[in-house]
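Undergrad: For reference, this is target37.cif, and it has mmCIF, N, CA and C atoms.
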```cif
data_target
loop_
_atom_site.label_atom_id
_atom_site.label_comp_id
_atom_site.auth_asym_id
_atom_site.auth_seq_id
_atom_site.Cartn_x
_atom_site.Cartn_y
_atom_site.Cartn_z
N MET Y 1 -127.65 109.86 154.98
CA MET Y 1 -126.58 109.93 155.94
C MET Y 1 -126.36 108.58 156.60
N GLU Y 2 -127.41 107.98 157.08
CA GLU Y 2 -127.29 106.70 157.77
C GLU Y 2 -126.62 105.66 156.88
N THR Y 3 -127.00 105.63 155.62
CA THR Y 3 -126.46 104.62 154.70
C THR Y 3 -124.96 104.79 154.51
N LYS Y 4 -124.51 106.02 154.32
CA LYS Y 4 -123.09 106.27 154.11
C LYS Y 4 -122.28 105.91 155.36
N LEU Y 5 -122.76 106.36 156.51
CA LEU Y 5 -122.05 106.06 157.75
C LEU Y 5 -122.12 104.59 158.10
N ALA Y 6 -123.25 103.97 157.82
CA ALA Y 6 -123.40 102.53 158.08
C ALA Y 6 -122.41 101.74 157.22
N ARG Y 7 -122.23 102.17 155.99
CA ARG Y 7 -121.29 101.47 155.10
C ARG Y 7 -119.85 101.62 155.60
N ILE Y 8 -119.49 102.79 156.09
CA ILE Y 8 -118.16 102.99 156.66
C ILE Y 8 -117.98 102.11 157.88
N ALA Y 9 -119.00 102.06 158.74
CA ALA Y 9 -118.93 101.21 159.93
C ALA Y 9 -118.80 99.75 159.55
N GLU Y 10 -119.53 99.34 158.53
CA GLU Y 10 -119.46 97.95 158.06
C GLU Y 10 -118.07 97.62 157.54
N LEU Y 11 -117.52 98.48 156.70
CA LEU Y 11 -116.18 98.25 156.17
C LEU Y 11 -115.13 98.22 157.27
N SER Y 12 -115.28 99.09 158.23
CA SER Y 12 -114.34 99.14 159.35
C SER Y 12 -114.43 97.87 160.19
N ALA Y 13 -115.63 97.39 160.42
CA ALA Y 13 -115.81 96.17 161.20
C ALA Y 13 -115.24 94.95 160.48
N GLN Y 14 -115.41 94.92 159.17
CA GLN Y 14 -114.91 93.80 158.37
C GLN Y 14 -113.39 93.79 158.28
N ASN Y 15 -112.79 94.97 158.31
CA ASN Y 15 -111.35 95.07 158.16
C ASN Y 15 -110.83 96.15 159.12
N PRO Y 16 -110.58 95.77 160.37
CA PRO Y 16 -110.16 96.75 161.38
C PRO Y 16 -108.88 97.50 161.02
N LYS Y 17 -108.07 96.96 160.12
CA LYS Y 17 -106.84 97.64 159.74
C LYS Y 17 -107.03 98.61 158.57
N MET Y 18 -108.24 98.67 158.05
CA MET Y 18 -108.51 99.57 156.94
C MET Y 18 -108.31 101.02 157.40
N VAL Y 19 -107.68 101.79 156.55
CA VAL Y 19 -107.42 103.19 156.87
C VAL Y 19 -108.31 104.05 155.97
N PHE Y 20 -109.04 104.93 156.60
CA PHE Y 20 -109.86 105.87 155.86
C PHE Y 20 -109.10 107.19 155.80
N THR Y 21 -108.67 107.57 154.63
CA THR Y 21 -107.88 108.79 154.50
C THR Y 21 -108.74 110.03 154.60
N SER Y 22 -109.98 109.92 154.21
CA SER Y 22 -110.87 111.07 154.29
C SER Y 22 -112.32 110.64 154.17
N ILE Y 23 -113.14 111.21 155.01
CA ILE Y 23 -114.58 111.04 154.84
C ILE Y 23 -115.22 112.42 154.61
N GLY Y 24 -114.35 113.39 154.32
CA GLY Y 24 -114.81 114.75 154.10
C GLY Y 24 -115.81 114.87 152.96
N HIS Y 25 -115.71 114.00 151.96
CA HIS Y 25 -116.63 114.05 150.84
C HIS Y 25 -118.06 113.73 151.26
N LEU Y 26 -118.24 113.14 152.45
CA LEU Y 26 -119.58 112.84 152.95
C LEU Y 26 -120.26 114.06 153.56
N ILE Y 27 -119.46 115.06 153.86
CA ILE Y 27 -120.00 116.24 154.54
C ILE Y 27 -120.51 117.22 153.50
N ASP Y 28 -121.80 117.20 153.30
CA ASP Y 28 -122.44 118.14 152.39
C ASP Y 28 -123.66 118.73 153.08
N VAL Y 29 -124.35 119.61 152.41
CA VAL Y 29 -125.49 120.29 153.02
C VAL Y 29 -126.56 119.30 153.46
N ASN Y 30 -126.84 118.30 152.64
CA ASN Y 30 -127.87 117.31 153.01
C ASN Y 30 -127.47 116.53 154.25
N PHE Y 31 -126.22 116.10 154.32
CA PHE Y 31 -125.72 115.37 155.48
C PHE Y 31 -125.86 116.22 156.74
N LEU Y 32 -125.43 117.47 156.65
CA LEU Y 32 -125.47 118.36 157.81
C LEU Y 32 -126.90 118.71 158.20
N ARG Y 33 -127.79 118.88 157.23
CA ARG Y 33 -129.19 119.16 157.53
C ARG Y 33 -129.81 117.98 158.29
N ASP Y 34 -129.57 116.77 157.81
CA ASP Y 34 -130.08 115.58 158.49
C ASP Y 34 -129.53 115.50 159.92
N PHE Y 35 -128.25 115.75 160.06
CA PHE Y 35 -127.62 115.68 161.37
C PHE Y 35 -128.19 116.75 162.30
N HIS Y 36 -128.40 117.95 161.76
CA HIS Y 36 -128.97 119.04 162.56
C HIS Y 36 -130.35 118.65 163.09
N MET Y 37 -131.15 118.04 162.24
CA MET Y 37 -132.50 117.64 162.64
C MET Y 37 -132.48 116.57 163.73
N MET Y 38 -131.44 115.73 163.73
CA MET Y 38 -131.34 114.66 164.72
C MET Y 38 -130.83 115.16 166.07
N MET Y 39 -130.21 116.32 166.09
CA MET Y 39 -129.60 116.82 167.33
C MET Y 39 -130.67 117.17 168.37
N ASP Y 40 -130.32 116.97 169.63
CA ASP Y 40 -131.18 117.33 170.75
C ASP Y 40 -131.00 118.81 171.03
N GLY Y 41 -132.03 119.59 170.82
CA GLY Y 41 -131.96 121.03 171.02
C GLY Y 41 -131.93 121.46 172.46
N GLU Y 42 -132.04 120.51 173.38
CA GLU Y 42 -132.03 120.84 174.81
C GLU Y 42 -130.64 120.79 175.43
N LYS Y 43 -129.66 120.41 174.65
CA LYS Y 43 -128.28 120.32 175.16
C LYS Y 43 -127.64 121.70 175.21
N ALA Y 44 -126.44 121.76 175.74
CA ALA Y 44 -125.71 123.02 175.87
C ALA Y 44 -125.46 123.63 174.50
N VAL Y 45 -125.31 124.94 174.48
CA VAL Y 45 -125.02 125.64 173.23
C VAL Y 45 -123.59 125.31 172.79
N GLY Y 46 -123.31 125.61 171.53
CA GLY Y 46 -121.98 125.34 170.98
C GLY Y 46 -120.95 126.33 171.48
N ILE Y 47 -119.73 126.12 171.06
CA ILE Y 47 -118.61 126.96 171.49
C ILE Y 47 -118.83 128.42 171.09
N ASP Y 48 -119.61 128.64 170.03
CA ASP Y 48 -119.89 130.00 169.57
C ASP Y 48 -121.08 130.63 170.26
N GLY Y 49 -121.73 129.88 171.18
CA GLY Y 49 -122.87 130.41 171.93
C GLY Y 49 -124.19 130.38 171.18
N ILE Y 50 -124.22 129.77 170.02
CA ILE Y 50 -125.43 129.71 169.21
C ILE Y 50 -126.20 128.43 169.52
N THR Y 51 -127.50 128.56 169.77
CA THR Y 51 -128.32 127.39 170.05
C THR Y 51 -128.74 126.71 168.75
N LYS Y 52 -129.23 125.50 168.88
CA LYS Y 52 -129.74 124.77 167.71
C LYS Y 52 -130.88 125.57 167.07
N GLU Y 53 -131.75 126.12 167.89
CA GLU Y 53 -132.89 126.88 167.38
C GLU Y 53 -132.41 128.12 166.60
N ASP Y 54 -131.44 128.84 167.16
CA ASP Y 54 -130.91 130.03 166.48
C ASP Y 54 -130.27 129.66 165.14
N TYR Y 55 -129.46 128.61 165.14
CA TYR Y 55 -128.78 128.18 163.92
C TYR Y 55 -129.80 127.74 162.87
N GLY Y 56 -130.87 127.09 163.34
CA GLY Y 56 -131.89 126.57 162.44
C GLY Y 56 -132.77 127.63 161.80
N ARG Y 57 -132.78 128.83 162.35
CA ARG Y 57 -133.62 129.90 161.77
C ARG Y 57 -133.19 130.23 160.34
N ASN Y 58 -131.93 130.06 160.05
CA ASN Y 58 -131.40 130.34 158.72
C ASN Y 58 -130.56 129.13 158.29
N LEU Y 59 -131.12 127.95 158.48
CA LEU Y 59 -130.37 126.71 158.37
C LEU Y 59 -129.68 126.53 157.03
N ASP Y 60 -130.42 126.65 155.93
CA ASP Y 60 -129.81 126.37 154.63
C ASP Y 60 -128.64 127.31 154.34
N ALA Y 61 -128.79 128.59 154.61
CA ALA Y 61 -127.69 129.54 154.38
C ALA Y 61 -126.51 129.23 155.30
N ASN Y 62 -126.80 128.89 156.56
CA ASN Y 62 -125.73 128.54 157.50
C ASN Y 62 -124.98 127.30 157.04
N LEU Y 63 -125.69 126.32 156.54
CA LEU Y 63 -125.05 125.09 156.09
C LEU Y 63 -124.21 125.31 154.83
N VAL Y 64 -124.69 126.15 153.94
CA VAL Y 64 -123.90 126.47 152.74
C VAL Y 64 -122.62 127.19 153.16
N ASP Y 65 -122.75 128.16 154.07
CA ASP Y 65 -121.55 128.86 154.56
C ASP Y 65 -120.58 127.88 155.20
N PHE Y 66 -121.11 126.96 156.01
CA PHE Y 66 -120.26 125.98 156.69
C PHE Y 66 -119.53 125.11 155.68
N THR Y 67 -120.24 124.58 154.71
CA THR Y 67 -119.59 123.68 153.74
C THR Y 67 -118.58 124.43 152.88
N ASP Y 68 -118.88 125.69 152.55
CA ASP Y 68 -117.92 126.49 151.78
C ASP Y 68 -116.63 126.70 152.58
N LEU Y 69 -116.76 127.05 153.85
CA LEU Y 69 -115.58 127.26 154.69
C LEU Y 69 -114.85 125.96 154.96
N TYR Y 70 -115.57 124.88 155.14
CA TYR Y 70 -114.96 123.57 155.33
C TYR Y 70 -114.11 123.22 154.10
N ALA Y 71 -114.68 123.43 152.92
CA ALA Y 71 -113.96 123.13 151.68
C ALA Y 71 -112.72 124.01 151.55
N LEU Y 72 -112.84 125.27 151.91
CA LEU Y 72 -111.70 126.18 151.86
C LEU Y 72 -110.58 125.72 152.79
N CYS Y 73 -110.94 125.42 154.04
CA CYS Y 73 -109.93 124.96 155.01
C CYS Y 73 -109.29 123.66 154.54
N PHE Y 74 -110.10 122.73 154.06
CA PHE Y 74 -109.59 121.44 153.60
C PHE Y 74 -108.62 121.64 152.43
N ALA Y 75 -109.01 122.47 151.47
CA ALA Y 75 -108.15 122.72 150.30
C ALA Y 75 -106.84 123.36 150.72
N MET Y 76 -106.90 124.28 151.65
CA MET Y 76 -105.67 124.96 152.10
C MET Y 76 -104.72 123.97 152.78
N VAL Y 77 -105.28 123.08 153.59
CA VAL Y 77 -104.45 122.09 154.28
C VAL Y 77 -103.84 121.12 153.27
N VAL Y 78 -104.66 120.63 152.35
CA VAL Y 78 -104.18 119.68 151.35
C VAL Y 78 -103.07 120.30 150.51
N GLN Y 79 -103.20 121.57 150.17
CA GLN Y 79 -102.21 122.24 149.34
C GLN Y 79 -101.00 122.72 150.14
N GLY Y 80 -101.03 122.47 151.46
CA GLY Y 80 -99.92 122.86 152.30
C GLY Y 80 -99.80 124.36 152.48
N GLU Y 81 -100.92 125.04 152.36
CA GLU Y 81 -100.90 126.49 152.50
C GLU Y 81 -100.67 126.89 153.95
N ASN Y 82 -100.51 128.14 154.16
CA ASN Y 82 -100.19 128.71 155.45
C ASN Y 82 -101.13 128.20 156.54
N THR Y 83 -100.58 127.39 157.42
CA THR Y 83 -101.42 126.83 158.48
C THR Y 83 -101.90 127.91 159.44
N ALA Y 84 -101.16 129.00 159.57
CA ALA Y 84 -101.60 130.10 160.42
C ALA Y 84 -102.89 130.70 159.87
N GLU Y 85 -103.00 130.79 158.55
CA GLU Y 85 -104.22 131.32 157.94
C GLU Y 85 -105.39 130.37 158.17
N VAL Y 86 -105.14 129.07 158.04
CA VAL Y 86 -106.19 128.07 158.30
C VAL Y 86 -106.63 128.18 159.76
N GLU Y 87 -105.68 128.30 160.67
CA GLU Y 87 -106.02 128.42 162.08
C GLU Y 87 -106.81 129.69 162.36
N ARG Y 88 -106.49 130.79 161.66
CA ARG Y 88 -107.25 132.03 161.83
C ARG Y 88 -108.69 131.83 161.38
N ILE Y 89 -108.87 131.17 160.26
CA ILE Y 89 -110.22 130.89 159.76
C ILE Y 89 -110.96 130.01 160.77
N GLN Y 90 -110.27 129.01 161.28
CA GLN Y 90 -110.89 128.10 162.25
C GLN Y 90 -111.35 128.85 163.49
N ARG Y 91 -110.48 129.69 164.02
CA ARG Y 91 -110.84 130.44 165.23
C ARG Y 91 -112.00 131.39 164.96
N TYR Y 92 -111.94 132.07 163.83
CA TYR Y 92 -112.96 133.06 163.51
C TYR Y 92 -114.33 132.42 163.31
N HIS Y 93 -114.34 131.28 162.66
CA HIS Y 93 -115.60 130.65 162.33
C HIS Y 93 -115.95 129.48 163.25
N SER Y 94 -115.02 129.07 164.11
CA SER Y 94 -115.24 127.98 165.07
C SER Y 94 -115.81 126.75 164.39
N LEU Y 95 -115.26 126.38 163.23
CA LEU Y 95 -115.87 125.23 162.56
C LEU Y 95 -114.93 124.33 161.82
N CYS Y 96 -113.78 124.75 161.43
CA CYS Y 96 -112.92 123.88 160.62
C CYS Y 96 -112.22 122.84 161.49
#
```
In structure tokens, write the structure found in this file.
TA:
Amino acid sequence: METKLARIAELSAQNPKMVFTSIGHLIDVNFLRDFHMMMDGEKAVGIDGITKEDYGRNLDANLVDFTDLYALCFAMVVQGENTAEVERIQRYHSLC
């Protein structure tokens, strides 16, 4: 994770006018697992009321679900599909 984000930061610093059209390809289960481990579990719970500890009890399954839904939302937006449906998914899952 650090290497990928560091490279983006480096490219951005070298060329402030560079436009990144998407970094979604960086978001995978490994990236999210690393990020989850780095999070401070003493902070406030998320919008869905789930704590870091609760989410971590079934971490791998939760991360797979998250990435699957992220990919679905992304594909729907890219294909210009019904934005109301994407918004419904976002509200229901509080993640897209």
Undergrad: So which one's closest to Thr67 (chain Y), Y:Glu42, Y:Glu85, Y:Asp34, Y:Asp28? Using only C-alpha atoms, please.
TA: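 So, comparing all the options, the nearest one is Y:Asp28.
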Undergrad: Restricting the calculation to only C-alpha atoms, which member of Y:Met39, Y:Val78, Y:Phe66, Y:Ala84 is positioned closest to Thr21 (chain Y)?
TA: Y:Val78
Undergrad: For a test of reading the model, state the distance in Å between atom N of Phe20 (chain Y) and CA of Leu32 (chain Y), rounded to one decimal.
TA: 21.3 Å
Undergrad: Rounded to one decimal in Å, what is the spacing between CA of Val77 (chain Y) and CA of Leu26 (chain Y)?
TA: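 A separation of 17.8 Å between them.
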Undergrad: What does the structure give for the distance between atom C of Thr3 (chain Y) and atom N of Phe35 (chain Y), in Å to one decimal?
TA: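 Computed distance, atom C of Thr3 (chain Y) to atom N of Phe35 (chain Y), equals 12.7 Å.
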Undergrad: Closest to Asp60 (chain Y) among Y:Met18, Y:Ala13, Y:Val29, Y:Ala6, using only C-alpha atoms?
TA: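 Once distances to Asp60 (chain Y) are computed over only C-alpha atoms, the minimum belongs to Y:Val29.
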Undergrad: Kindly list the centre and edge lengths in Å, rounded to one decimal, for the axis-aligned box that covers all listed atoms of region 72-76 of chain Y plus 3 Å on each of its six sides, as JSON.
TA:
```
{"center_x": -108.8, "center_y": 123.8, "center_z": 152.7, "size_x": 14.1, "size_y": 10.7, "size_z": 10.7}
```
Undergrad: If we count only C-alpha atoms and set the cut-off at 12 Å, which residues sit around Met37 (chain Y), ignoring sequence neighbours fewer than 3 positions away in its own chain? Please answer as a PyMOL selection string.
TA: chain Y and resi 1+30-34+40-41+52-53+55-56+59
Undergrad: Going by DSSP on the backbone, which residues of region 9-86 of chain Y come out as helix (DSSP H, G or I)? List them as a ChimeraX atom specification.
TA: /Y:9-14,24-26,29-38,52-56,59-78,83-86
Undergrad: Using only N, CA and C atoms, find the one residue out of Y:Val86, Y:Met38, Y:Ile47, Y:Ala9 that sits nearest to Leu72 (chain Y).
TA: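 For Leu72 (chain Y), the nearest of the given residues is Y:Val86.
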